[in-house]
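Engineer: What follows is a structure written as structure tokens; I'll ask about it next.
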Amino acid sequence: MTKQYIAHDGLNIYGTGKSLIAATSDASRNCPDLRGVLEVQRCTEALALQVQNEGGAITWDEIDGIACTEAEYALDQAAPLMDDAIREDIHSNFAAASDAAEFLAEYERRHEAKYAEEFRI
């Protein structure tokens with residue numbers, strides 16, 4: 001896992017990079033007319049990839065001070081409420097659950113099959 005950083009204004013993400021300087025430089029290239037101070041912080045690889053694919057006007061959150069995707073945040077909040085056996089089986093045996101959104105969708109499907117009720121956070 002490589003370290004990733006974002007440069008943001010608390011709402012939009014203007015740049016990403018593998019260092020504080022790289023994220024700030026990327027923001028300057030992306031928005032040369034940008035005025036004001038940007039905050040630079042660590043982020044997950046998934047968030048950096050989402051910004052590269054979709055741009056920086058996306059919804060994102062934080063887990064323990066590290067910026068993350070909304071799906072990663074939802075999975076972090078849901079994990080303590082999950083059935084341990086289902087969660088561990090998906091983690092160990094479900095190759096398609098390569099990101100947080102896919103993992104959560106698979107968990108919801110299996111939870112409903114086992115308990116005959118929708119999984120709610």
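Residues are referred to by chain and number: the chain letter is A, B, ... according to the order shown in the structure tokens, the number counts from 1 in that chain, and ligands are numbered separately from 1 in the order shown.
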Enumerate, as JSON, numbers by chain, the complete set of residues in segment 6-114 of chain A that a backbone-based DSSP assignment places in alpha helix (DSSP H).

Structural biologist: {"A": [20, 21, 22, 23, 24, 25, 26, 27, 28, 29, 30, 45, 46, 47, 48, 49, 50, 51, 52, 53, 54, 70, 71, 72, 73, 74, 75, 76, 77, 78, 84, 85, 86, 87, 88, 89, 90, 91, 92, 93, 100, 101, 102, 103, 104, 105, 106, 107, 108, 109, 110, 111, 112, 113, 114]}

Engineer: Give me every strand (DSSP E) residue in segment 46-112 of chain A, going by DSSP on the backbone, as an MDAnalysis selection string.

Structural biologist: chainID A and resid 60:63 66:69

Engineer: To one decimal place in Å, what is the distance between atom CA of Glu108 of chain A and atom CA of Thr69 of chain A?

Structural biologist: 18.6 Å

Engineer: Could you jot down the atom CA of Gly55 of chain A to atom CA of Tyr14 of chain A separation for me, Å, one decimal place?

Structural biologist: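 Computed distance, atom CA of Gly55 of chain A to atom CA of Tyr14 of chain A, equals 8.2 Å.
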
Engineer: Which of these, A:Tyr5, A:Pro32, A:Asp83, A:Ala78, has the shortest distance to Gly65 of chain A once you count only C-alpha atoms?

Structural biologist: A:Tyr5

Engineer: List the spatial neighbours of segment 92-102 of chain A as a PyMOL selection string - criterion: any atom at most 10 Å away, only C-alpha atoms, same-chain residues fewer than 5 positions off excluded.

Structural biologist: chain A and resi 46+69-76+86-87+107-108

Engineer: What's the separation between atom CA of Val37 of chain A and atom CA of Asp9 of chain A, in Å to one decimal place?

Structural biologist: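 Going from atom CA of Val37 of chain A over to atom CA of Asp9 of chain A, I get 7.3 Å.
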
Engineer: With only C-alpha atoms as the counted atoms, please give the residues lying no more than 9 Å from Ala67 of chain A, apart from itself and same-chain residues fewer than 6 positions off, as a list in words.

Structural biologist: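 The residues satisfying every condition are Tyr5, Ile6, Gln41, Arg42, Cys43, Thr44, Leu47, Trp60 and Asp61 of chain A.
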
Engineer: Once you have the residues from the selection above, write them out as a compact mmCIF listing (two decimals), in the first residue's frame, restricted to C-alpha atoms.

Structural biologist:
```txt
# COMPACT_ATOMS: atom_id res chain seq x y z
CA TYR A 5 -2.35 12.54 -0.21
CA ILE A 6 -5.05 14.97 -1.28
CA GLN A 41 -3.80 15.17 4.25
CA ARG A 42 -3.32 11.43 3.87
CA CYS A 43 -5.95 9.54 1.94
CA THR A 44 -6.71 5.98 0.97
CA LEU A 47 -10.02 7.84 -2.78
CA TRP A 60 -15.71 11.87 0.67
CA ASP A 61 -15.18 11.38 4.39
```

Engineer: My list of candidates is A:Glu112, A:Val40, A:Leu81, A:Lys3. Which is closest to Ser25 of chain A when distances are computed with only C-alpha atoms?

Structural biologist: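 Among the listed residues, the smallest separation from Ser25 of chain A belongs to A:Val40.
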
Engineer: Considering only C-alpha atoms, can you say which of A:Ala85, A:Ile90, A:Ala27, A:Ile58 comes closest to Ala105 of chain A?

Structural biologist: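 Smallest distance to Ala105 of chain A is found for A:Ile90.
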
Engineer: Name the closest residue to Glu106 of chain A among the candidates A:Glu62, A:Asp89, A:Asp84, A:Glu39; distances are taken between atoms, counting only C-alpha atoms.

Structural biologist: A:Asp89

Engineer: From the list A:Glu118, A:Ala7, A:Cys31, A:Thr16, which residue is nearest Asn53 of chain A when using only C-alpha atoms?

Structural biologist: A:Thr16
